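Some notes on the structure that comes next.
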Amino acid sequence: MRLDTLDRVCADPVASFESAIDFFARIDQQGRFLYISEPGLAFIGYHREYLRIVTLRDLVPQEDAPLLEACLRQAQQTGEVQKCTLHLIKTLTYPRLVELRVAPDATEPGQLLVVGHDVSAWADNEQCLTYAMYHDVLTGLDNLASARHEIERAKQEALDKGYRVALLQIDIDEFHRVNQAFGYEAGDRILHETALRLKSACHAREFVARCYSDAFLILLRDVPDRDYVEEFARRVSDAIQLPYSHEGQTLQLSVRIGAVLFPDRANGCDQLLHHVDEALAQAGRNRGYSFAFYERRAVSSRPDTLRLESDLHSGIRNGEFSLHYQPIVEARNGQVTGIEALMRWHHPVLGAVSPEIFISLAESAGLINFLGGWALKNACMQLMQWDARGIHLQYASVNVSAQQFRDKRFPAAVREAFKLTGLAPRRIVLEITESVLMEDPAHAKTLLEELTDLGVRFAVDDFGTGYSSLAYLQSFPLAALKIDRRFISNLPSSRNDQAIVDAIVGLAGTLGLDLVAEGVETEAQRDLLVASGCELIQGWLICKALPINELAHKFETGELRPLAS
């Protein structure tokens with residue numbers, strides 16, 4: 001079929017949507033154009049006669065040619081739709097970024113259908129958004145988010161190359177007085193000039209960021225000693241204390257500077273930022289030259305509850321909480337069917353705080369509903385983000401505390417999570433304990449039915465440790481039971497635990513519920529669970545709970561294999 005036979009393709013099933021896409025063409029195996037739509041012709045900008053003598057390959061820049069070749073080859077070999085993003089050269093002058101989808105033509109063997117969408121504007125917007133995400137609008141410097149990445153990178157370089165790095169925080173004293181006296185516009189101009197002075201005081205390899213308001217961060221690599229850092233801090237202080245001019249008036253600012261050296265110890269980014277903040281506070285107590293290094297202070301191994309409760313509030317504000325994820329897999333083949341979201345708190349001084357401690361603190365402080373809602377939204381968003389990366393998991397399970405479950409705003413919070421993220425409710429399993437169900441069975445039944453109608457599924461966590469009866473379990477709209485880990489740990493040696501597990505497996509089968517065994521750590525435990533009929537397991541035998549990127553890496557390298565959804 002040639003370009004001049006367009007009239008004879010009116011019965012082509014793709015004709016109805018050609019006008020809705022930027023570029024549609026049919027090519028042969030050599031890439032020669034057999035047909036191109038009118039919108040596609042207008043988009044590419046060539047005469048139809050010219051396209052008779054060139055191929056699709058001629059319209060792609062040399063650097064993108066391997067992408068096109070791979071896409072065409074895979075479409076021919078697999079018979080499936082293939083996708084690639086590359087540049088098409090329009091009217092022999094400038095390239096446009098286009099997402100191509102290539103598929104074999106089912107009606108014409110040996111021919112390929114090519115659909116293209118112009119994504120140049122999207123790419124430009126993404127670049128602008130990425131820049132805005134990591135830069136301060138007022139000064140043009142990197143922001144705190146960018147500084148976190150740079151600190152981690154500098155720390156790794158220091159460990160690899162065996163040198164030390166210094167992090168400095170510079171804070172302008174009582175800058176609010178400038179805003180009060182001259183207005184915020186004048187204050188912004190002075191902050192912009194301060195940023196220029198800091199950049200001038202630094203060498204090319206020294207990183208400068210504005211972390212908030214009138215505070216800045218500087219990262220020094222390959223630091224020989226503390227004297228070098230203090231000398232640099234004096235140079236920065238001198239640069240900022242030079243007079244500023246505003247409408248004929250002279251202003252002079254003073255600064256405090258705190259510094260921390262690493263990696264003297266295994267410091268994480270949040271801990272380093274906390275340490276440099278403490279050093280800054282120490283500098284504020286000094287007379288004359290306001291500079292101080294962070295000095296480690298002894299921390300009690302059993303911090304009092306009041307202090308931790310206060311730290312809980314600041315921890316939420318400072319983003320110290322995160323979700324780790326543990327795979328739930330088919331016991332027989334290890335394929336991942338879902339993940340459980342587990343909240344973690346990394347305290348900047350104390351390190352990891354046990355969930356047993358901070359969950360009860362959050363409940364007593366009235367923060368558990370906020371943390372629970374945050375965890376649900378983040379789990380929903382994480383599934384969506386992994387979907388976009390080609391990591392398709394069937395569901396994520398999220399724990400619900402007793403206080404959350406009792407709160408009348410809980411159903412609305414669940415609905416809000418799905419509305420904000422766009423995730424299908426069936427992909428979330430909410431885990432509640434037996435004791436929560438049995439505290440007020442009538443309320444529990446009503447709430448479960450309401451959210452089950454939405455599509456959410458429920459699992460009973462730590463099953464076997466409560467006092468629910470078969471009659472009550474039958475009345476609740478449940479999807480799964482989770483066998484408590486205490487029945488799993490001694491499974492190979494305890495006949496009582498084996499009998500309990502067998503009974504729970506039989507109960508789940510009778511009620512038509514999925515069954516997950518928690519805390520599986522050995523092959524012997526898995527073998528006994530498989531023999532008893534338990535189909536799903538989670539535990540360190542498969543994988544411990546991991547941060548987002550570490551778990552994604554295991555999926556992408558094939559170490560963990562998601563079950564097809």
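Ordering of the structure tokens sets the chain letters (A, B, ...), residue numbers begin anew at 1 in every chain, and ligands are numbered from 1 in the order given.
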
> What lies within 7 Å of Gly45 in chain A using only C-alpha atoms, ignoring chain neighbours under 4 positions off, as a ChimeraX atom specification?
Replying inline: /A:41,90-91

>> Let me make sure I understand: among A:Gln403, A:Thr421, A:Ser213, A:Gln62, which one has the smallest atom-to-atom distance to Leu376 in chain A if we use only C-alpha atoms?
In response: A:Thr421

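If you look at CA of Arg101 in chain A and CA of His87 in chain A, they are 13.3 Å away from each other.
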
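Pairwise distance (CA of Ser245 in chain A, CA of Ile190 in chain A) equals 8.7 Å.
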
>> I'd like the contact shell of range 115-119 of chain A - 10 Å cut-off, only C-alpha atoms, skipping same-chain residues fewer than 4 positions apart - returned as a ChimeraX atom specification.
In response: /A:18,20-26,40,43,83-88,96-103,123-125

> Of the candidates A:Phe476, A:Phe291, A:Phe555, A:Phe405, which one gets nearest to Glu449 in chain A if we count only C-alpha atoms?
Replying inline: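 Nearest to Glu449 in chain A: A:Phe476.
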
> Between A:Pro492, A:Lys554, A:Glu309, A:Ile391, which one has atoms that come closest to Gly366 in chain A, using only C-alpha atoms?
Replying inline: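 Selected residue with least distance to Gly366 in chain A: A:Glu309.
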
>> Residues near Glu416 in chain A, anyone? I mean within 12 Å using only C-alpha atoms, not counting same-chain ones fewer than 6 positions away, as a list of chain:residue names.
In response: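 With the cut-off at 12 Å, the set is A:Gly373, A:Trp374, A:Leu376, A:Lys377, A:Cys380, A:Arg409, A:Phe410, A:Gly422, A:Leu423, A:Pro425.
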
Contact check, range 211-284 of chain A to range 163-186 of chain A, at most 8 Å, counting only C-alpha atoms, closest pairs as CSV:
residue,atom,partner,partner_atom,distance
A:Asp214,CA,A:Ile172,CA,5.8
A:Ala215,CA,A:Asp171,CA,4.4
A:Phe216,CA,A:Ile170,CA,5.1
A:Leu217,CA,A:Gln169,CA,4.6
A:Ile218,CA,A:Leu168,CA,5.1
A:Leu219,CA,A:Leu167,CA,4.7
A:Leu220,CA,A:Ala166,CA,5.1
A:Arg221,CA,A:Val165,CA,4.7
A:Asp222,CA,A:Tyr163,CA,5.3
A:Val223,CA,A:Arg164,CA,5.4
A:Pro224,CA,A:Arg164,CA,7.3
A:Val229,CA,A:Ala166,CA,7.2
A:His246,CA,A:Ala186,CA,7.4
A:Leu253,CA,A:Ile172,CA,6.9
A:Ser254,CA,A:Asp173,CA,5.7
A:Val255,CA,A:Ile172,CA,4.5
A:Arg256,CA,A:Asp171,CA,5.3
A:Ile257,CA,A:Ile170,CA,4.6
A:Gly258,CA,A:Gln169,CA,5.3
A:Ala259,CA,A:Leu168,CA,4.3
A:Val260,CA,A:Leu167,CA,5.4
A:Leu261,CA,A:Ala166,CA,4.5
A:Phe262,CA,A:Val165,CA,5.4
A:Pro263,CA,A:Arg164,CA,6.2
A:Asp264,CA,A:Arg164,CA,7.7
A:Leu272,CA,A:Leu167,CA,7.9
A:Val276,CA,A:Gln169,CA,6.4
A:Asp277,CA,A:Gln169,CA,7.2
A:Leu280,CA,A:Gln169,CA,6.9

> Taking into account only C-alpha atoms, which residue in the set A:Ala204, A:Leu430, A:Ala545, A:Ala459 is nearest to Leu342 in chain A?
Replying inline: A:Ala545

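You will find CA of Asp453 in chain A at 24.1 Å from CA of Leu507 in chain A.
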
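All residues within range 130-244 of chain A that the backbone DSSP calculation assigns to strand (DSSP E or B) are A:His135, A:Asp142, A:Arg164, A:Val165, A:Ala166, A:Leu167, A:Leu168, A:Gln169, A:Ile170, A:Asp171, A:Ile172, A:Phe207, A:Val208, A:Ala209, A:Arg210, A:Cys211, A:Tyr212, A:Ala215, A:Phe216, A:Leu217, A:Ile218, A:Leu219, A:Leu220, A:Arg221, A:Asp222, A:Val223, A:Tyr244.
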
>> Report as a list in words all protein, DNA and RNA residues lying within 8 Å of Phe321 in chain A, evaluated on only C-alpha atoms, omitting residues in the same chain fewer than 4 positions from it.
In response: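 Counting only C-alpha atoms, the residues come to Gly315, Ile316, Met343, Arg344, Trp345 and His346 of chain A.
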
May I have the residues from that selection written out with N, CA and C atoms, as a PDB file, in the first residue's frame?
ATOM      1  N   GLY A 315       9.422  15.818  65.062  1.00  0.00           N
ATOM      2  CA  GLY A 315       9.745  14.782  64.086  1.00  0.00           C
ATOM      3  C   GLY A 315       8.772  14.767  62.926  1.00  0.00           C
ATOM      4  N   ILE A 316       7.497  14.996  63.223  1.00  0.00           N
ATOM      5  CA  ILE A 316       6.484  15.071  62.159  1.00  0.00           C
ATOM      6  C   ILE A 316       6.746  16.292  61.284  1.00  0.00           C
ATOM      7  N   MET A 343       5.500   1.743  59.530  1.00  0.00           N
ATOM      8  CA  MET A 343       6.007   3.079  59.821  1.00  0.00           C
ATOM      9  C   MET A 343       7.305   3.004  60.626  1.00  0.00           C
ATOM     10  N   ARG A 344       8.231   3.914  60.307  1.00  0.00           N
ATOM     11  CA  ARG A 344       9.506   4.007  61.009  1.00  0.00           C
ATOM     12  C   ARG A 344       9.756   5.453  61.415  1.00  0.00           C
ATOM     13  N   TRP A 345      10.380   5.610  62.600  1.00  0.00           N
ATOM     14  CA  TRP A 345      10.792   6.950  63.052  1.00  0.00           C
ATOM     15  C   TRP A 345      12.291   6.917  63.292  1.00  0.00           C
ATOM     16  N   HIS A 346      13.023   7.732  62.517  1.00  0.00           N
ATOM     17  CA  HIS A 346      14.465   7.856  62.724  1.00  0.00           C
ATOM     18  C   HIS A 346      14.720   9.171  63.446  1.00  0.00           C
TER      19      HIS A 346
END

> For Leu513 in chain A, which residue among A:Val530, A:Leu536, A:Val456, A:Leu481 is the nearest when counting only C-alpha atoms?
Replying inline: A:Leu481

> Which residues, written as number ranges by chain, have at least one atom at most 7 Å from range 333-340 of chain A, with only C-alpha atoms counted and residues fewer than 2 positions away on the same chain left out?
Replying inline: A: 325-331, 342, 393-398, 560-563

> Would you give me, as a VMD selection string, the residues in range 284-426 of chain A that DSSP reads as alpha helix (DSSP H)?
Replying inline: chain A and resid 305 to 317 355 to 364 368 to 388 402 to 406 410 to 421

> Which residues come within 10 Å of Arg389 in chain A, counting only C-alpha atoms, excluding same-chain residues fewer than 5 positions away, as a VMD selection string?
Replying inline: chain A and resid 383 to 384 552 556
